[in-house]
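J.: Below is the file start.cif, which contains mmCIF, C-alpha atoms.
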```cif
data_upload
#
loop_
_atom_site.label_atom_id
_atom_site.label_comp_id
_atom_site.auth_asym_id
_atom_site.auth_seq_id
_atom_site.Cartn_x
_atom_site.Cartn_y
_atom_site.Cartn_z
CA LEU A 1 0.00 0.00 0.00
CA PRO A 2 1.24 3.49 -0.70
CA PRO A 3 1.53 5.86 2.24
CA ARG A 4 -1.84 7.44 3.08
CA GLY A 5 -2.42 10.50 0.95
CA ALA A 6 0.38 9.58 -1.47
CA ARG A 7 -0.20 10.47 -5.11
CA ASP A 8 3.16 9.39 -6.51
CA VAL A 9 2.43 7.37 -9.64
CA SER A 10 6.01 6.02 -9.54
CA PHE A 11 5.21 4.11 -6.33
CA ASP A 12 6.25 0.50 -6.96
CA GLY A 13 5.41 -0.87 -3.52
CA ARG A 14 8.87 -1.95 -2.48
CA GLU A 15 9.26 1.16 -0.31
CA TYR A 16 6.25 0.04 1.72
CA TYR A 17 7.80 -3.34 2.48
CA ASP A 18 11.19 -1.80 3.24
CA ALA A 19 9.67 0.71 5.66
CA ASN A 20 7.16 -1.57 7.41
CA TYR A 21 8.14 -5.21 6.84
CA ALA A 22 11.87 -5.20 6.19
CA ASN A 23 12.10 -8.79 7.47
CA TYR A 24 9.04 -10.04 5.61
CA GLU A 25 10.42 -13.53 5.07
CA ARG A 26 11.20 -13.90 8.77
CA GLN A 27 7.81 -12.42 9.68
CA THR A 28 6.12 -15.11 7.58
CA PRO A 29 7.48 -18.29 9.18
CA HIS A 30 6.32 -21.80 8.34
CA ARG A 31 4.53 -22.13 11.69
CA LYS A 32 2.33 -19.12 10.84
CA LEU A 33 1.48 -20.57 7.43
CA ASP A 34 0.86 -23.98 9.04
CA PHE A 35 -1.61 -22.34 11.44
CA TYR A 36 -3.42 -20.59 8.59
CA MET A 37 -3.65 -23.82 6.60
CA THR A 38 -4.93 -25.77 9.61
CA LEU A 39 -7.57 -23.11 10.17
CA VAL A 40 -8.70 -23.13 6.54
CA ARG A 41 -8.85 -26.94 6.42
CA ARG A 42 -11.24 -26.90 9.42
CA PHE A 43 -13.77 -24.72 7.63
CA VAL A 44 -13.24 -25.23 3.90
CA PRO A 45 -13.49 -28.53 2.00
CA ARG A 46 -10.43 -29.45 -0.05
CA GLY A 47 -10.77 -28.40 -3.69
CA SER A 48 -13.11 -25.49 -2.90
CA ARG A 49 -12.79 -22.07 -4.51
CA LEU A 50 -10.72 -19.89 -2.17
CA PHE A 51 -9.89 -16.21 -2.62
CA GLU A 52 -7.10 -14.49 -0.71
CA LEU A 53 -7.74 -10.79 -0.12
CA GLY A 54 -4.26 -9.26 0.04
CA VAL A 55 -1.81 -11.93 -1.09
CA GLY A 56 1.31 -10.09 0.06
CA MET A 57 4.23 -11.89 -1.61
CA GLY A 58 2.24 -15.07 -2.15
CA HIS A 59 3.50 -17.27 0.71
CA PHE A 60 0.07 -18.48 1.86
CA LEU A 61 -1.24 -18.70 -1.68
CA GLU A 62 1.64 -21.00 -2.61
CA ARG A 63 0.68 -23.38 0.19
CA ALA A 64 -3.07 -23.17 -0.36
CA ALA A 65 -2.89 -23.72 -4.12
CA ALA A 66 -1.83 -27.33 -3.53
CA GLU A 67 -5.21 -28.07 -1.89
CA PHE A 68 -7.69 -25.43 -3.07
CA ASN A 69 -8.81 -23.73 -6.27
CA CYS A 70 -7.17 -20.39 -5.47
CA SER A 71 -7.17 -16.84 -6.73
CA GLY A 72 -6.33 -13.56 -5.05
CA CYS A 73 -5.53 -9.89 -5.23
CA ASP A 74 -3.31 -7.20 -3.78
CA VAL A 75 -2.93 -3.45 -4.18
CA ASN A 76 0.85 -3.39 -3.76
CA PRO A 77 2.61 -3.79 -7.13
CA TYR A 78 5.85 -5.10 -5.63
CA GLY A 79 4.11 -7.77 -3.54
CA LEU A 80 1.90 -8.65 -6.49
CA ALA A 81 4.91 -9.21 -8.74
CA ARG A 82 6.57 -11.45 -6.11
CA ALA A 83 3.33 -13.42 -5.66
CA ARG A 84 3.00 -13.96 -9.41
CA GLU A 85 6.57 -15.26 -9.52
CA ARG A 86 5.90 -17.58 -6.58
CA VAL A 87 2.60 -19.00 -7.90
CA PRO A 88 2.50 -18.35 -11.66
CA ALA A 89 -0.40 -20.76 -12.24
CA VAL A 90 -2.72 -18.86 -9.88
CA SER A 91 -4.75 -15.84 -10.99
CA VAL A 92 -3.68 -12.85 -8.90
CA GLU A 93 -5.18 -9.47 -9.79
CA SER A 94 -4.28 -5.91 -8.91
CA GLY A 95 -7.03 -4.50 -6.71
CA SER A 96 -9.11 -5.20 -3.64
CA VAL A 97 -12.57 -6.59 -2.83
CA GLU A 98 -13.86 -5.78 -6.31
CA CYS A 99 -11.62 -8.63 -7.56
CA ILE A 100 -13.49 -11.32 -5.60
CA PRO A 101 -15.29 -13.48 -8.17
CA ALA A 102 -19.08 -13.31 -8.02
CA ASP A 103 -19.93 -15.99 -10.58
CA PRO A 104 -19.21 -18.64 -9.61
CA ALA A 105 -19.07 -17.49 -6.01
CA VAL A 106 -16.18 -18.51 -3.78
CA SER A 107 -16.44 -20.88 -0.82
CA ALA A 108 -13.96 -18.89 1.26
CA VAL A 109 -12.34 -15.50 1.48
CA VAL A 110 -9.22 -15.40 3.63
CA SER A 111 -7.61 -12.19 4.81
CA TRP A 112 -4.41 -12.29 6.85
CA ASP A 113 -3.71 -8.88 8.43
CA VAL A 114 -5.45 -6.97 5.64
CA LEU A 115 -8.87 -5.79 6.86
CA GLU A 116 -7.28 -3.13 9.08
CA HIS A 117 -5.89 -1.46 5.93
CA LEU A 118 -9.24 -0.97 4.18
CA PRO A 119 -10.57 2.60 4.33
CA ASP A 120 -14.20 1.48 3.78
CA LEU A 121 -14.41 -1.60 5.96
CA ASP A 122 -18.22 -1.70 5.96
CA GLY A 123 -18.30 -1.63 2.17
CA ALA A 124 -15.56 -4.26 1.99
CA LEU A 125 -17.39 -6.64 4.34
CA GLU A 126 -20.59 -6.14 2.38
CA ALA A 127 -18.76 -6.97 -0.87
CA ILE A 128 -17.16 -10.06 0.68
CA ARG A 129 -20.47 -11.35 2.02
CA SER A 130 -22.25 -10.76 -1.30
CA ARG A 131 -19.66 -12.81 -3.18
CA LEU A 132 -19.51 -15.82 -0.89
CA ALA A 133 -21.36 -18.97 -1.91
CA PRO A 134 -24.11 -20.22 0.42
CA GLU A 135 -22.38 -21.53 3.54
CA GLY A 136 -19.27 -19.66 2.42
CA VAL A 137 -16.86 -18.43 5.07
CA LEU A 138 -14.64 -15.44 5.75
CA ILE A 139 -11.51 -16.27 7.76
CA ALA A 140 -9.48 -13.26 8.85
CA VAL A 141 -6.62 -12.27 11.11
CA VAL A 142 -6.56 -8.69 12.42
CA PRO A 143 -4.56 -6.87 15.09
CA VAL A 144 -6.54 -6.04 18.21
CA TYR A 145 -5.70 -3.11 20.42
CA ASP A 146 -7.20 -4.25 23.71
CA GLY A 147 -6.63 -7.05 26.20
CA PRO A 148 -3.43 -7.75 28.14
CA LEU A 149 -1.15 -7.04 25.17
CA GLY A 150 -3.18 -4.32 23.45
CA TRP A 151 -0.79 -1.62 24.61
CA LEU A 152 2.14 -3.53 23.10
CA VAL A 153 0.35 -4.04 19.78
CA ARG A 154 -0.34 -0.30 19.62
CA LEU A 155 3.27 0.53 20.52
CA LEU A 156 4.75 -1.78 17.90
CA ASP A 157 2.30 -0.83 15.15
CA ARG A 158 3.98 1.84 13.05
CA ASP A 159 2.29 1.00 9.77
CA PRO A 160 0.69 4.27 8.56
CA THR A 161 -1.82 2.36 6.43
CA HIS A 162 -3.52 0.75 9.44
CA VAL A 163 -6.74 2.75 9.49
CA SER A 164 -8.78 0.50 11.81
CA LYS A 165 -7.11 0.20 15.22
CA TRP A 166 -9.92 -1.34 17.20
CA PRO A 167 -10.55 -3.64 20.16
CA ARG A 168 -11.91 -7.08 19.33
CA ALA A 169 -15.47 -6.14 20.35
CA VAL A 170 -15.58 -3.54 17.58
CA TRP A 171 -14.29 -6.02 14.99
CA LEU A 172 -16.90 -8.56 16.05
CA GLY A 173 -19.59 -5.87 15.99
CA LYS A 174 -18.66 -4.87 12.44
CA LEU A 175 -19.05 -8.46 11.27
CA HIS A 176 -22.46 -8.78 12.94
CA GLU A 177 -23.59 -5.48 11.39
CA GLN A 178 -22.72 -6.80 7.94
CA GLY A 179 -24.69 -10.02 8.38
CA PHE A 180 -21.95 -12.46 9.36
CA GLU A 181 -22.38 -15.04 12.08
CA VAL A 182 -19.12 -15.28 14.00
CA VAL A 183 -18.58 -18.94 14.73
CA GLU A 184 -15.20 -18.64 16.42
CA HIS A 185 -12.64 -16.04 17.35
CA GLY A 186 -9.22 -16.41 18.89
CA GLY A 187 -7.45 -14.90 21.83
CA ILE A 188 -4.06 -13.39 22.57
CA ARG A 189 -2.05 -15.82 20.45
CA GLN A 190 -4.60 -16.43 17.72
CA ARG A 191 -5.79 -13.08 16.40
CA ARG A 192 -8.47 -14.41 14.14
CA LEU A 193 -12.11 -14.02 13.24
CA ASP A 194 -13.89 -16.95 11.61
CA ALA A 195 -17.15 -15.62 10.24
CA TRP A 196 -19.74 -17.56 8.33
CA ARG A 197 -21.82 -15.81 5.74
CA GLY A 198 -25.12 -14.53 7.16
#
```
Would you write the structure of this file as structure tokens?

T.:
Amino acid sequence: LPPRGARDVSFDGREYYDANYANYERQTPHRKLDFYMTLVRRFVPRGSRLFELGVGMGHFLERAAAEFNCSGCDVNPYGLARARERVPAVSVESGSVECIPADPAVSAVVSWDVLEHLPDLDGALEAIRSRLAPEGVLIAVVPVYDGPLGWLVRLLDRDPTHVSKWPRAVWLGKLHEQGFEVVEHGGIRQRRLDAWRG
């Protein structure tokens, strides 16, 4: 994502990673990807259509493509190029929620630390819900700024594109407002929201 308010058409996205996620490979360890895959397998049948909102550099998509019919999107050109190199057989578009296929609808939308970047979260959640198949599921990870470690999360969060810095109750409320039934949400270690379509 470009810095908020940026209008520089030469922005290639690498500056964003350098400034905010200089150790991206180290920050995306196998155990994190293993957790994401375990979570998805619990809710999504193998072979289902899965869309990743915000593919980053394609680490999760590479893993998921071995078991699911995947596609995805990202707004960062640098990350998008790395993802396309990593998983060339998977369709990865430049954009956001408007890229989620509507016909045929997807069985799952996954979003790992992306929802907090979206300036119109209500509109994004509405778009996600409208494009999920019946019994489709949204699985997301978001930072929460409350609880025993909320102060630490806030202190460590220097990403200027994080526009939603909310406690978990607000995140859960947003999902309910947009017609999702939250079937499970994690705690301190597992910052996740598993939300069925309404």

J.: Taking only C-alpha atoms into account, name the residue in A:Val109, A:Val153, A:Cys73, A:Leu115 that is nearest to A:Ser96.

T.: A:Cys73

J.: Determine the nearest neighbour of A:Ser71 from the options A:Tyr24, A:Phe51, A:Tyr145, A:Trp166, counting all atoms listed in the file.

T.: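 The answer is A:Phe51, which sits nearest to A:Ser71.
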
J.: Just so the selection is clear, what residues does the PyMOL selection byres ((chain A and resi 86-93) around 9) cover here, as a PDB file with C-alpha atoms, in the coordinates of the input?

T.:
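Okay, expr-v8.pdb is ready:
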```pdb
ATOM      1  CA  VAL A  55      -1.810 -11.930  -1.090  1.00  0.00           C
ATOM      2  CA  MET A  57       4.230 -11.890  -1.610  1.00  0.00           C
ATOM      3  CA  GLY A  58       2.240 -15.070  -2.150  1.00  0.00           C
ATOM      4  CA  HIS A  59       3.500 -17.270   0.710  1.00  0.00           C
ATOM      5  CA  LEU A  61      -1.240 -18.700  -1.680  1.00  0.00           C
ATOM      6  CA  GLU A  62       1.640 -21.000  -2.610  1.00  0.00           C
ATOM      7  CA  ALA A  65      -2.890 -23.720  -4.120  1.00  0.00           C
ATOM      8  CA  ASN A  69      -8.810 -23.730  -6.270  1.00  0.00           C
ATOM      9  CA  CYS A  70      -7.170 -20.390  -5.470  1.00  0.00           C
ATOM     10  CA  SER A  71      -7.170 -16.840  -6.730  1.00  0.00           C
ATOM     11  CA  GLY A  72      -6.330 -13.560  -5.050  1.00  0.00           C
ATOM     12  CA  CYS A  73      -5.530  -9.890  -5.230  1.00  0.00           C
ATOM     13  CA  ASP A  74      -3.310  -7.200  -3.780  1.00  0.00           C
ATOM     14  CA  VAL A  75      -2.930  -3.450  -4.180  1.00  0.00           C
ATOM     15  CA  LEU A  80       1.900  -8.650  -6.490  1.00  0.00           C
ATOM     16  CA  ALA A  81       4.910  -9.210  -8.740  1.00  0.00           C
ATOM     17  CA  ARG A  82       6.570 -11.450  -6.110  1.00  0.00           C
ATOM     18  CA  ALA A  83       3.330 -13.420  -5.660  1.00  0.00           C
ATOM     19  CA  ARG A  84       3.000 -13.960  -9.410  1.00  0.00           C
ATOM     20  CA  GLU A  85       6.570 -15.260  -9.520  1.00  0.00           C
ATOM     21  CA  SER A  94      -4.280  -5.910  -8.910  1.00  0.00           C
ATOM     22  CA  GLY A  95      -7.030  -4.500  -6.710  1.00  0.00           C
ATOM     23  CA  SER A  96      -9.110  -5.200  -3.640  1.00  0.00           C
ATOM     24  CA  CYS A  99     -11.620  -8.630  -7.560  1.00  0.00           C
TER      25      CYS A  99
END
```

J.: Please write the residues picked by the PyMOL selection byres ((chain A and resi 129-144) around 9) on this file as a VMD selection string.

T.: chain A and resid 39 to 40 43 to 44 100 to 116 124 to 128 145 to 147 149 to 150 153 to 154 165 to 168 171 178 to 180 188 190 to 198

J.: What gap, in Å, lies between atom CA of A:Thr28 and atom CA of A:Pro148?

T.: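 Answer for the atom CA of A:Thr28 to atom CA of A:Pro148 separation: 23.8 Å.
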